Amino acid sequence: MINLKDNRIKDKDRAKPKEKKKKDPSALKEREVTKYPSCLFFQYNTQLGPPYHVIVDTNFINFSIKAKLDIVQSMMDCLYAKCIPCITDCVMAEIEKLGMKYRVALRIAKDPRFERLPCTHKGTYADDCLVQRHKCYILATVDRDLKRRVRKIPGVPIMYISNHRGGLPVDEETWERMWRHVARIHPNGEALGKETRGATDLPKIPIPSVPTFQPTTTIPQRLEAIQKYIRELQYNHTGTQFFEIKKSRPLTALMDIAKEMTREALPIKCLEAVILGIYLTNNMPGVERFPLSFQSHFSGNHFHHIVLGVHCGGRFGALGTSRREDLMFKPLEFRTLMDLVQEFEGAYRGYWHTLRKVRIGQYVSHDAHSVEQIEWKHSILDLDKLTKEELRKELERHTRDMRLKIGKPAPPSPTKDRRNSMGSPLRGQGSPVRRISRIERRPSGDKKVLEPKSAAEINGYQIRV
């Protein structure tokens, strides 16, 4: 070891280390807060106004091509005002680097209707550039990372492409098809259509209010109030479905459609009533919900119907809507699932329908933000092949399976698996990977055959802000 008197050791090294001062817990803490212009506060951006300047990124252009949307026209349909799409030099450089595979996106970006914004920064990374240009632009993107960054800045509207489009707003072609449908099924359809379409002082249709409950309200009373609200929306006889329900979507997306139903208050069908019933019973942890669908036969045709089965306190019931009073609401008074199914079978028999198949799903999660999918067909029971005793055993087995599912933890969120693919121009809005559920080997089990998607399902996109 070197002696402390050695000349190579300096005086400052020989000195004893100074003791650090202890921090005063009562002292004021200073931190740097990002300053934003005052125009971005008070719930809106005062520098925005028609014509709106919308700055687009690479993913937005690629996803609009996939959705078969005209960017300029769709923006104007979304905002009901003139829109000027803008594109920066860095976004243009990103598209050019993607090569010939994205030549259609490059051709759209070079459209004379697009306003070109020069960039002075180095490189072609566009996210930082788009985040800085937020004062007087609407940002159009489907990149989740970029939207997460921009949402931290107050007053910046984000335009994105939604692929769960409903039937709103109703276009002219759909209106004409609805009027033709009314003229065909109503005895005085043509006269009624002319009288209604030409009237200017039609009475305003009342919008039913979503039921609210007191803490002392019992579960049966709450279910009756929810059923009354669903019935007030009325059954949809127009021949056009106003809200598009895709069973393969995660629960959180279906709950967004249910919120839209409560806002629009338009007539609904049985599947929409099931989604609405799940949404309205989410705050009732003691009530378990499961889909219950039927296939009946009458006059050479097959008919399908679905209700929301409910279970609470050892009793079963159902919520839903139908053109028949006996095929929707069932009070919470059936001791077994067999009794509930027999009640529906008797109702079908009263309308000269023969019940052929019963499909029962698993319990639905009470988490409105869950990314898991509803298991619609956990058990498929063919009534033509099962005796009454076999049907009872199958329903008791399904009831036990549903009870076992309550104790199982929810599957992990696939958000972490999607992070590696975020920000890529090859991907648009991500969706959870669909899990193919195991179909149990039942005596009447049928395998599901995947059908190819129609053009109408592929083209069900809409630009939203």
# chains A, B, ... in the order shown; residues from 1 in each chain; ligands from 1
>>> residues_around(residues="range 309-314 of chain A", least_positions_apart="2", cutoff="12 Å", atoms="only C-alpha atoms", output="VMD selection string")
chain A and resid 218 to 220 223 273 to 275 277 to 278 281 to 282 284 to 293 306 to 307 316 to 320 328 to 337 340 to 341 344 359 to 364 376 399 402 to 403
>>> residues_around(residues="range 236-243 of chain A", least_positions_apart="5", cutoff="12 Å", atoms="only C-alpha atoms", output="ChimeraX atom specification")
/A:164-171,173-186,189,230-231,254,256-273,275-276,321-323,460
>>> atom_distance(atom1="CA of Tyr102 in chain A", atom2="CA of Ile71 in chain A")
16.2 Å
>>> atom_distance(atom1="CA of Phe294 in chain A", atom2="CA of Lys377 in chain A")
11.1 Å
>>> residues_around(residues="Arg464 in chain A", least_positions_apart="6", cutoff="9 Å", atoms="only C-alpha atoms", output="list of chain:residue names")
A:Met75, A:Cys78, A:Leu79, A:Ile158, A:Met159, A:Tyr160, A:Ile161, A:Ser162
>>> residues_around(residues="Ser296 in chain A", least_positions_apart="2", cutoff="7 Å", atoms="only C-alpha atoms", output="PyMOL selection string")
chain A and resi 294+298+302-304+353-356
>>> residues_around(residues="range 145-147 of chain A", least_positions_apart="5", cutoff="10 Å", atoms="only C-alpha atoms", output="PDB file with C-alpha atoms, in the first residue's frame")
ATOM      1  CA  ASP A  57     -48.591   9.561 -40.814  1.00  0.00           C
ATOM      2  CA  ALA A 126     -41.463  10.963 -38.122  1.00  0.00           C
ATOM      3  CA  ASP A 127     -42.974  10.459 -34.635  1.00  0.00           C
ATOM      4  CA  ASP A 128     -40.923  13.177 -32.927  1.00  0.00           C
ATOM      5  CA  LEU A 130     -45.434  14.899 -35.621  1.00  0.00           C
ATOM      6  CA  VAL A 131     -45.517  15.337 -31.843  1.00  0.00           C
ATOM      7  CA  LEU A 139     -53.090  14.335 -35.933  1.00  0.00           C
ATOM      8  CA  ALA A 140     -54.274  11.357 -38.020  1.00  0.00           C
ATOM      9  CA  LYS A 152     -50.325  13.665 -22.872  1.00  0.00           C
ATOM     10  CA  PRO A 157     -57.440  15.998 -31.336  1.00  0.00           C
ATOM     11  CA  ILE A 158     -56.496  12.587 -32.747  1.00  0.00           C
ATOM     12  CA  MET A 159     -58.127  11.181 -35.863  1.00  0.00           C
ATOM     13  CA  TYR A 160     -58.084   7.398 -36.297  1.00  0.00           C
ATOM     14  CA  ARG A 419     -45.521  -4.067 -28.232  1.00  0.00           C
ATOM     15  CA  MET A 422     -46.192  -1.312 -32.666  1.00  0.00           C
ATOM     16  CA  GLY A 423     -45.061   1.563 -34.817  1.00  0.00           C
TER      17      GLY A 423
END
>>> select_by_dssp(residues="range 266-323 of chain A", states="helix (DSSP H, G or I)", output="VMD selection string")
chain A and resid 270 to 280
>>> closest_residue(among="A:Arg107, A:Pro85, A:Leu327, A:Ser299", to="Ile65 in chain A", atoms="only C-alpha atoms")
A:Arg107
>>> closest_residue(among="A:Tyr125, A:Tyr348, A:Phe114, A:Phe213", to="His53 in chain A", atoms="only C-alpha atoms")
A:Phe114
>>> closest_residue(among="A:Lys66, A:His378, A:His369, A:Lys5", to="Arg397 in chain A", atoms="only C-alpha atoms")
A:His378
>>> atom_distance(atom1="CA of Ile55 in chain A", atom2="CA of Ala105 in chain A")
15.1 Å
>>> closest_residue(among="A:Glu19, A:Asp401, A:Asp143, A:Glu343", to="Ile61 in chain A", atoms="only C-alpha atoms")
A:Asp143
>>> select_by_dssp(residues="range 226-313 of chain A", states="strand (DSSP E or B)", output="PyMOL selection string")
chain A and resi 235+268+288-298+301-312
>>> write_last_selection(atoms="N, CA, C and O atoms", output="mmCIF file, in the first residue's frame")
data_model
loop_
_atom_site.group_PDB
_atom_site.id
_atom_site.type_symbol
_atom_site.label_atom_id
_atom_site.label_comp_id
_atom_site.auth_asym_id
_atom_site.auth_seq_id
_atom_site.Cartn_x
_atom_site.Cartn_y
_atom_site.Cartn_z
ATOM 1 N N TYR A 235 -88.184 -3.531 -30.669
ATOM 2 C CA TYR A 235 -87.552 -4.500 -31.573
ATOM 3 C C TYR A 235 -87.387 -3.869 -32.951
ATOM 4 O O TYR A 235 -88.245 -3.105 -33.418
ATOM 5 N N ILE A 268 -83.347 -2.378 -31.624
ATOM 6 C CA ILE A 268 -82.295 -3.384 -31.602
ATOM 7 C C ILE A 268 -82.900 -4.759 -31.841
ATOM 8 O O ILE A 268 -84.120 -4.942 -31.781
ATOM 9 N N GLU A 288 -74.243 -13.740 -12.533
ATOM 10 C CA GLU A 288 -73.427 -14.335 -13.596
ATOM 11 C C GLU A 288 -74.243 -14.394 -14.879
ATOM 12 O O GLU A 288 -75.424 -14.761 -14.863
ATOM 13 N N ARG A 289 -73.592 -14.028 -16.002
ATOM 14 C CA ARG A 289 -74.277 -13.965 -17.282
ATOM 15 C C ARG A 289 -73.675 -14.970 -18.255
ATOM 16 O O ARG A 289 -72.454 -15.177 -18.256
ATOM 17 N N PHE A 290 -74.488 -15.550 -19.135
ATOM 18 C CA PHE A 290 -73.996 -16.478 -20.145
ATOM 19 C C PHE A 290 -74.940 -16.422 -21.346
ATOM 20 O O PHE A 290 -76.161 -16.239 -21.188
ATOM 21 N N PRO A 291 -74.420 -16.555 -22.576
ATOM 22 C CA PRO A 291 -75.282 -16.543 -23.764
ATOM 23 C C PRO A 291 -76.035 -17.861 -23.905
ATOM 24 O O PRO A 291 -75.493 -18.941 -23.678
ATOM 25 N N LEU A 292 -77.299 -17.762 -24.304
ATOM 26 C CA LEU A 292 -78.164 -18.923 -24.484
ATOM 27 C C LEU A 292 -78.909 -18.747 -25.806
ATOM 28 O O LEU A 292 -79.778 -17.876 -25.928
ATOM 29 N N SER A 293 -78.543 -19.549 -26.817
ATOM 30 C CA SER A 293 -79.125 -19.388 -28.153
ATOM 31 C C SER A 293 -79.897 -20.640 -28.540
ATOM 32 O O SER A 293 -79.612 -21.745 -28.064
ATOM 33 N N PHE A 294 -80.879 -20.443 -29.446
ATOM 34 C CA PHE A 294 -81.778 -21.511 -29.864
ATOM 35 C C PHE A 294 -81.861 -21.552 -31.385
ATOM 36 O O PHE A 294 -81.781 -20.509 -32.050
ATOM 37 N N GLN A 295 -82.053 -22.767 -31.904
ATOM 38 C CA GLN A 295 -82.333 -22.968 -33.319
ATOM 39 C C GLN A 295 -83.634 -23.750 -33.426
ATOM 40 O O GLN A 295 -83.735 -24.883 -32.943
ATOM 41 N N SER A 296 -84.633 -23.148 -34.068
ATOM 42 C CA SER A 296 -85.942 -23.781 -34.196
ATOM 43 C C SER A 296 -86.262 -24.008 -35.670
ATOM 44 O O SER A 296 -85.646 -23.423 -36.561
ATOM 45 N N HIS A 297 -87.267 -24.859 -35.896
ATOM 46 C CA HIS A 297 -87.670 -25.223 -37.254
ATOM 47 C C HIS A 297 -89.174 -25.015 -37.396
ATOM 48 O O HIS A 297 -89.963 -25.425 -36.532
ATOM 49 N N PHE A 298 -89.551 -24.358 -38.496
ATOM 50 C CA PHE A 298 -90.965 -24.125 -38.768
ATOM 51 C C PHE A 298 -91.166 -23.969 -40.271
ATOM 52 O O PHE A 298 -90.476 -23.168 -40.916
ATOM 53 N N ASN A 301 -88.160 -23.955 -42.656
ATOM 54 C CA ASN A 301 -87.112 -22.950 -42.448
ATOM 55 C C ASN A 301 -86.566 -23.052 -41.025
ATOM 56 O O ASN A 301 -87.281 -23.447 -40.096
ATOM 57 N N HIS A 302 -85.309 -22.669 -40.884
ATOM 58 C CA HIS A 302 -84.652 -22.643 -39.574
ATOM 59 C C HIS A 302 -84.572 -21.198 -39.079
ATOM 60 O O HIS A 302 -84.263 -20.274 -39.846
ATOM 61 N N PHE A 303 -84.825 -21.003 -37.798
ATOM 62 C CA PHE A 303 -84.813 -19.677 -37.179
ATOM 63 C C PHE A 303 -83.865 -19.700 -35.982
ATOM 64 O O PHE A 303 -83.805 -20.695 -35.246
ATOM 65 N N HIS A 304 -83.134 -18.610 -35.812
ATOM 66 C CA HIS A 304 -82.143 -18.505 -34.730
ATOM 67 C C HIS A 304 -82.536 -17.363 -33.800
ATOM 68 O O HIS A 304 -82.999 -16.299 -34.245
ATOM 69 N N HIS A 305 -82.321 -17.572 -32.522
ATOM 70 C CA HIS A 305 -82.652 -16.579 -31.497
ATOM 71 C C HIS A 305 -81.663 -16.737 -30.343
ATOM 72 O O HIS A 305 -81.157 -17.843 -30.093
ATOM 73 N N ILE A 306 -81.372 -15.634 -29.661
ATOM 74 C CA ILE A 306 -80.420 -15.663 -28.551
ATOM 75 C C ILE A 306 -80.912 -14.745 -27.447
ATOM 76 O O ILE A 306 -81.507 -13.679 -27.709
ATOM 77 N N VAL A 307 -80.698 -15.172 -26.206
ATOM 78 C CA VAL A 307 -81.005 -14.364 -25.019
ATOM 79 C C VAL A 307 -79.793 -14.424 -24.097
ATOM 80 O O VAL A 307 -78.860 -15.202 -24.304
ATOM 81 N N LEU A 308 -79.816 -13.576 -23.077
ATOM 82 C CA LEU A 308 -78.750 -13.554 -22.082
ATOM 83 C C LEU A 308 -79.243 -14.271 -20.835
ATOM 84 O O LEU A 308 -80.128 -13.778 -20.118
ATOM 85 N N GLY A 309 -78.692 -15.458 -20.585
ATOM 86 C CA GLY A 309 -79.046 -16.172 -19.366
ATOM 87 C C GLY A 309 -78.380 -15.547 -18.157
ATOM 88 O O GLY A 309 -77.229 -15.099 -18.221
ATOM 89 N N VAL A 310 -79.084 -15.492 -17.041
ATOM 90 C CA VAL A 310 -78.552 -14.909 -15.801
ATOM 91 C C VAL A 310 -78.717 -15.937 -14.685
ATOM 92 O O VAL A 310 -79.673 -16.737 -14.678
ATOM 93 N N HIS A 311 -77.782 -15.899 -13.739
ATOM 94 C CA HIS A 311 -77.801 -16.834 -12.604
ATOM 95 C C HIS A 311 -77.398 -16.072 -11.355
ATOM 96 O O HIS A 311 -76.363 -15.396 -11.331
ATOM 97 N N CYS A 312 -78.222 -16.163 -10.333
ATOM 98 C CA CYS A 312 -77.935 -15.466 -9.072
ATOM 99 C C CYS A 312 -78.680 -16.165 -7.945
ATOM 100 O O CYS A 312 -79.879 -16.473 -8.078
#
>>> closest_residue(among="A:Arg315, A:Ile138, A:Leu381, A:Ser209", to="Ile226 in chain A", atoms="only C-alpha atoms")
A:Ser209
